[in-house]
>>> print(open('target.cif').read())   # mmCIF, C-alpha atoms
data_protein
loop_
_atom_site.label_atom_id
_atom_site.label_comp_id
_atom_site.auth_asym_id
_atom_site.auth_seq_id
_atom_site.Cartn_x
_atom_site.Cartn_y
_atom_site.Cartn_z
CA GLY A 169 62.16 124.54 159.35
CA GLN A 170 60.44 122.84 162.20
CA SER A 171 59.81 119.15 162.73
CA LEU A 172 58.61 117.21 165.72
CA GLU A 173 58.42 113.45 165.41
CA GLN A 174 56.32 111.13 167.55
CA PRO A 175 55.27 107.48 167.25
CA SER A 176 51.96 107.31 165.42
CA GLU A 177 50.23 104.90 167.78
CA VAL A 178 50.76 103.27 171.16
CA THR A 179 48.59 100.62 172.79
CA ALA A 180 48.46 99.61 176.44
CA VAL A 181 46.15 98.12 179.06
CA GLU A 182 44.54 99.77 182.03
CA GLY A 183 46.90 100.28 184.93
CA ALA A 184 50.01 100.15 182.77
CA ILE A 185 52.68 102.80 182.22
CA VAL A 186 53.26 104.31 178.78
CA GLN A 187 56.00 106.60 177.47
CA ILE A 188 55.43 108.75 174.39
CA ASN A 189 58.60 110.11 172.84
CA CYS A 190 59.14 113.31 170.93
CA THR A 191 62.21 114.37 168.99
CA TYR A 192 62.37 117.83 167.55
CA GLN A 193 64.29 120.05 165.20
CA THR A 194 63.38 123.71 165.38
CA SER A 195 65.01 127.00 164.51
CA GLY A 196 64.17 128.38 167.95
CA PHE A 197 63.32 126.76 171.25
CA TYR A 198 61.61 128.18 174.31
CA GLY A 199 60.23 124.98 175.81
CA LEU A 200 58.39 121.72 175.15
CA SER A 201 54.71 121.28 175.91
CA TRP A 202 52.32 118.35 175.81
CA TYR A 203 48.66 118.44 174.86
CA GLN A 204 45.89 115.86 174.95
CA GLN A 205 43.13 115.75 172.39
CA HIS A 206 40.12 113.46 172.42
CA ASP A 207 38.45 112.72 169.09
CA GLY A 208 36.48 115.72 167.87
CA GLY A 209 37.58 117.83 170.81
CA ALA A 210 39.93 120.67 171.52
CA PRO A 211 43.50 120.11 172.68
CA THR A 212 44.08 120.61 176.39
CA PHE A 213 47.35 121.47 178.04
CA LEU A 214 49.09 118.77 180.08
CA SER A 215 52.60 119.91 180.90
CA TYR A 216 55.54 122.10 180.02
CA ASN A 217 59.32 121.79 180.27
CA ALA A 218 61.57 124.77 179.77
CA LEU A 219 64.64 123.21 181.39
CA ASP A 220 66.16 119.74 181.35
CA GLY A 221 64.68 117.23 183.70
CA LEU A 222 61.43 115.70 184.82
CA GLU A 223 58.22 117.54 185.65
CA GLU A 224 55.53 115.61 187.49
CA THR A 225 51.84 116.43 187.50
CA GLY A 226 49.78 113.70 189.08
CA ARG A 227 49.73 110.59 186.89
CA PHE A 228 51.50 112.44 184.09
CA SER A 229 55.19 113.33 183.95
CA SER A 230 57.17 115.01 181.21
CA PHE A 231 60.89 114.95 180.56
CA LEU A 232 63.16 117.15 178.49
CA SER A 233 66.74 116.89 177.28
CA ARG A 234 67.64 119.98 175.32
CA SER A 235 71.06 118.67 174.31
CA ASP A 236 69.36 115.67 172.69
CA SER A 237 66.39 117.65 171.33
CA TYR A 238 64.24 115.02 172.95
CA GLY A 239 61.43 114.75 175.38
CA TYR A 240 58.80 112.30 176.52
CA LEU A 241 55.45 112.13 178.24
CA LEU A 242 55.00 109.40 180.83
CA LEU A 243 51.50 108.29 181.70
CA GLN A 244 51.09 106.09 184.76
CA GLU A 245 48.17 104.06 186.08
CA LEU A 246 46.50 104.24 182.70
CA GLN A 247 42.74 104.62 182.58
CA MET A 248 40.32 104.08 179.72
CA LYS A 249 39.69 107.83 179.58
CA ASP A 250 43.36 108.35 178.70
CA SER A 251 42.64 106.99 175.22
CA ALA A 252 43.28 110.07 173.09
CA SER A 253 45.85 111.69 170.85
CA TYR A 254 48.87 113.28 172.48
CA PHE A 255 50.90 116.03 170.89
CA CYS A 256 54.22 117.49 171.84
CA ALA A 257 54.66 121.12 170.91
CA VAL A 258 57.59 123.46 170.80
CA ARG A 259 57.54 127.17 171.46
CA ALA A 260 59.59 128.00 168.41
CA GLY A 261 59.28 131.72 168.96
CA PHE A 262 57.91 134.00 171.64
CA GLN A 263 54.42 133.50 170.35
CA LYS A 264 54.40 130.49 168.05
CA LEU A 265 53.58 126.96 169.12
CA VAL A 266 54.42 124.21 166.62
CA PHE A 267 52.87 120.78 167.17
CA GLY A 268 54.31 117.33 166.67
CA THR A 269 52.93 114.61 164.46
CA GLY A 270 50.81 113.23 167.30
CA THR A 271 50.52 109.85 169.01
CA ARG A 272 47.26 108.00 169.27
CA LEU A 273 47.04 106.13 172.58
CA LEU A 274 44.64 103.22 172.82
CA VAL A 275 43.97 101.90 176.32
CA SER A 276 42.21 98.55 176.57
CA PRO A 277 40.62 96.85 179.59
CA GLY B 130 40.08 130.09 183.93
CA ALA B 131 40.63 131.19 180.36
CA VAL B 132 37.75 130.21 178.10
CA VAL B 133 37.87 130.42 174.34
CA SER B 134 34.72 129.84 172.35
CA GLN B 135 34.28 129.16 168.65
CA HIS B 136 31.24 129.43 166.45
CA PRO B 137 29.92 127.62 164.51
CA SER B 138 30.88 124.13 165.62
CA TRP B 139 29.79 122.60 162.34
CA VAL B 140 29.27 124.18 158.95
CA ILE B 141 28.43 122.69 155.59
CA CYS B 142 28.60 124.88 152.54
CA LYS B 143 28.58 124.68 148.78
CA SER B 144 31.77 124.98 146.78
CA GLY B 145 32.52 128.58 145.90
CA THR B 146 30.84 130.16 148.92
CA SER B 147 32.56 131.89 151.84
CA VAL B 148 32.38 130.82 155.46
CA LYS B 149 33.14 132.89 158.54
CA ILE B 150 34.29 131.33 161.81
CA GLU B 151 34.35 133.35 165.02
CA CYS B 152 36.71 132.90 167.94
CA ARG B 153 36.03 134.69 171.21
CA SER B 154 37.92 134.92 174.47
CA LEU B 155 35.09 134.93 177.01
CA ASP B 156 36.70 135.92 180.29
CA PHE B 157 39.93 137.61 179.26
CA GLN B 158 41.39 139.86 176.61
CA ALA B 159 43.52 138.30 173.92
CA THR B 160 45.72 140.61 171.88
CA THR B 161 46.97 137.59 169.97
CA MET B 162 45.08 134.56 168.77
CA PHE B 163 46.25 131.64 166.68
CA TRP B 164 44.40 129.76 163.97
CA TYR B 165 45.16 126.10 163.35
CA ARG B 166 43.87 123.61 160.82
CA GLN B 167 43.68 119.89 161.45
CA PHE B 168 42.91 117.19 158.90
CA PRO B 169 41.59 113.83 160.15
CA LYS B 170 44.11 111.90 162.22
CA GLN B 171 46.77 114.52 161.58
CA SER B 172 48.50 117.17 163.60
CA LEU B 173 47.51 120.77 164.17
CA MET B 174 49.05 123.02 161.56
CA LEU B 175 49.46 126.68 162.44
CA MET B 176 47.87 128.81 159.74
CA ALA B 177 48.30 132.31 161.07
CA THR B 178 48.78 134.53 164.08
CA SER B 179 46.00 137.03 164.53
CA ASN B 180 47.00 140.35 166.09
CA GLU B 181 44.45 142.79 167.49
CA GLY B 182 44.43 146.00 165.51
CA SER B 183 46.96 144.91 162.91
CA LYS B 184 47.42 142.50 160.06
CA ALA B 185 47.65 138.79 160.68
CA THR B 186 50.92 136.96 160.23
CA TYR B 187 50.51 133.96 157.96
CA GLU B 188 52.60 130.82 157.93
CA GLN B 189 54.43 129.84 154.79
CA GLY B 190 52.15 128.22 152.25
CA VAL B 191 48.92 129.66 153.66
CA GLU B 192 47.06 131.84 151.17
CA LYS B 193 46.32 135.22 152.69
CA ASP B 194 43.58 136.02 150.21
CA LYS B 195 41.81 132.73 150.80
CA PHE B 196 41.94 132.72 154.59
CA LEU B 197 41.02 136.21 155.73
CA ILE B 198 41.66 136.97 159.37
CA ASN B 199 40.26 139.95 161.22
CA HIS B 200 41.05 140.69 164.86
CA ALA B 201 38.95 143.78 165.40
CA SER B 202 38.69 143.66 169.18
CA LEU B 203 40.52 142.24 172.17
CA THR B 204 38.03 139.39 172.46
CA LEU B 205 37.18 138.47 168.88
CA SER B 206 39.06 137.10 165.92
CA THR B 207 37.38 135.85 162.76
CA LEU B 208 38.58 133.52 160.04
CA THR B 209 36.83 133.71 156.69
CA VAL B 210 37.42 130.93 154.21
CA THR B 211 36.72 132.56 150.87
CA SER B 212 35.56 130.68 147.79
CA ALA B 213 35.71 127.42 149.70
CA HIS B 214 36.44 124.18 147.87
CA PRO B 215 36.22 120.56 149.02
CA GLU B 216 39.95 120.48 149.79
CA ASP B 217 39.33 123.19 152.39
CA SER B 218 37.18 120.77 154.38
CA SER B 219 38.91 120.47 157.73
CA PHE B 220 38.75 121.12 161.45
CA TYR B 221 39.67 124.73 162.19
CA ILE B 222 40.68 125.57 165.75
CA CYS B 223 41.56 128.89 167.30
CA SER B 224 43.57 129.43 170.43
CA ALA B 225 44.86 132.17 172.68
CA ARG B 226 47.25 132.62 175.53
CA GLY B 227 45.69 133.08 178.93
CA PRO B 228 45.51 136.35 180.85
CA ASN B 229 48.68 135.63 182.85
CA SER B 230 50.79 134.52 179.89
CA ALA B 231 53.37 137.26 180.30
CA GLY B 232 54.21 136.37 183.86
CA GLN B 233 57.29 134.69 185.18
CA GLY B 234 57.18 130.94 184.79
CA ASN B 235 54.92 131.35 181.81
CA THR B 236 54.33 127.95 180.30
CA GLY B 237 53.13 129.31 177.01
CA GLU B 238 49.93 127.36 177.52
CA LEU B 239 47.36 127.85 174.82
CA PHE B 240 43.64 127.71 175.45
CA PHE B 241 41.74 126.29 172.53
CA GLY B 242 38.26 126.86 171.23
CA GLU B 243 36.01 123.89 170.61
CA GLY B 244 36.88 123.87 166.92
CA SER B 245 34.81 124.33 163.80
CA ARG B 246 34.34 121.45 161.41
CA LEU B 247 33.97 122.71 157.85
CA THR B 248 32.61 120.48 155.09
CA VAL B 249 32.57 121.89 151.58
CA LEU B 250 30.36 120.04 149.13
#
>>> encode(input="target.cif", output="structure tokens")
Amino acid sequence: GQSLEQPSEVTAVEGAIVQINCTYQTSGFYGLSWYQQHDGGAPTFLSYNALDGLEETGRFSSFLSRSDSYGYLLLQELQMKDSASYFCAVRAGFQKLVFGTGTRLLVSP
Amino acid sequence: GAVVSQHPSWVICKSGTSVKIECRSLDFQATTMFWYRQFPKQSLMLMATSNEGSKATYEQGVEKDKFLINHASLTLSTLTVTSAHPEDSSFYICSARGPNSAGQGNTGELFFGEGSRLTVL
């Protein structure tokens, strides 16, 4: 089976740095992705890690450790618009993308 | 970019009726599309993989006869919820890989439709 665990909720203030963790157990693994979803909206792609290490994309960075079946999303210089749900997702097969439990990020002034 | 569009955005129906949701890739061809369901404040659960010109592949626990999927062209997949009941009320989202998904360095990025919120009374 597949399982991806994330903290349910994280709170922070504007300008802060937040790390959202993801631990996974899957029968296959082709990479770890992160998606952002605002309430009532569609998920949008943020980042992808196929190999161990850190990938940086602007204010967002993502890390992967395949030996630990663990990854995280790092959000820097938080803004109010970053309040959303964040999902890690594993490519468990060539085509399939399985999503984590999701983390709701609340950014306050 | 790769744009995926869903219709309708909202639908309310009576229990026992069927509802069809359309998912279109607007500026690219998608041989494979994915249908997800999301309950409030929960994750996206993959329901099925829709393959153009062939039968859909359903995830374990998803009723094939209740959630009919048709992928008749390279730009359109439809999900029909048959004999809908209140417990089928949910947010249904389709997605597809972009036009360059087979290339080297492919991130496996999915492009999502806007979602369809189904309420069954």
>>> resolve_selection(input="target.cif", expression="the PyMOL selection byres ((chain B) within 7 of (chain A))", output="PyMOL selection string")
chain B and resi 171-173+175+236+238+241-244
>>> atom_distance(input="target.cif", atom1="CA of Cys256 (chain A)", atom2="CA of Ser154 (chain B)")
24.0 Å
>>> residues_around(input="target.cif", residues="region 139-144 of chain B", least_positions_apart="5", cutoff="10 Å", atoms="all atoms listed in the file", output="ChimeraX atom specification")
/B:149-150,211-218,220,244-250
>>> resolve_selection(input="target.cif", expression="the PyMOL selection byres ((chain A and resi 234-238) around 8)", output="PDB file with C-alpha atoms, keeping the file's coordinate frame")
ATOM      1  CA  ASN A 189      58.600 110.110 172.840  1.00  0.00           C
ATOM      2  CA  CYS A 190      59.140 113.310 170.930  1.00  0.00           C
ATOM      3  CA  THR A 191      62.210 114.370 168.990  1.00  0.00           C
ATOM      4  CA  TYR A 192      62.370 117.830 167.550  1.00  0.00           C
ATOM      5  CA  GLN A 193      64.290 120.050 165.200  1.00  0.00           C
ATOM      6  CA  LEU A 219      64.640 123.210 181.390  1.00  0.00           C
ATOM      7  CA  ASP A 220      66.160 119.740 181.350  1.00  0.00           C
ATOM      8  CA  LEU A 232      63.160 117.150 178.490  1.00  0.00           C
ATOM      9  CA  SER A 233      66.740 116.890 177.280  1.00  0.00           C
ATOM     10  CA  GLY A 239      61.430 114.750 175.380  1.00  0.00           C
ATOM     11  CA  TYR A 240      58.800 112.300 176.520  1.00  0.00           C
TER      12      TYR A 240
END
>>> resolve_selection(input="target.cif", expression="the PyMOL selection byres ((chain B and resi 166) around 7)", output="VMD selection string")
chain B and resid 164 to 165 167 to 168 173 to 176 219 to 222
>>> atom_distance(input="target.cif", atom1="CA of Gln205 (chain A)", atom2="CA of Thr207 (chain B)")
23.0 Å
>>> axis_aligned_box(input="target.cif", around="region 151-157 of chain B", padding_each_side="6 Å", output="lines of an AutoDock Vina configuration file")
center_x = 37.1
center_y = 135.3
center_z = 172.7
size_x = 17.6
size_y = 16.7
size_z = 27.3
>>> atom_distance(input="target.cif", atom1="CA of Val210 (chain B)", atom2="CA of Phe196 (chain B)")
4.9 Å
>>> residues_around(input="target.cif", residues="Ser230 (chain A)", least_positions_apart="2", cutoff="6 Å", atoms="all atoms listed in the file", output="PyMOL selection string")
chain A and resi 222-223+240-241
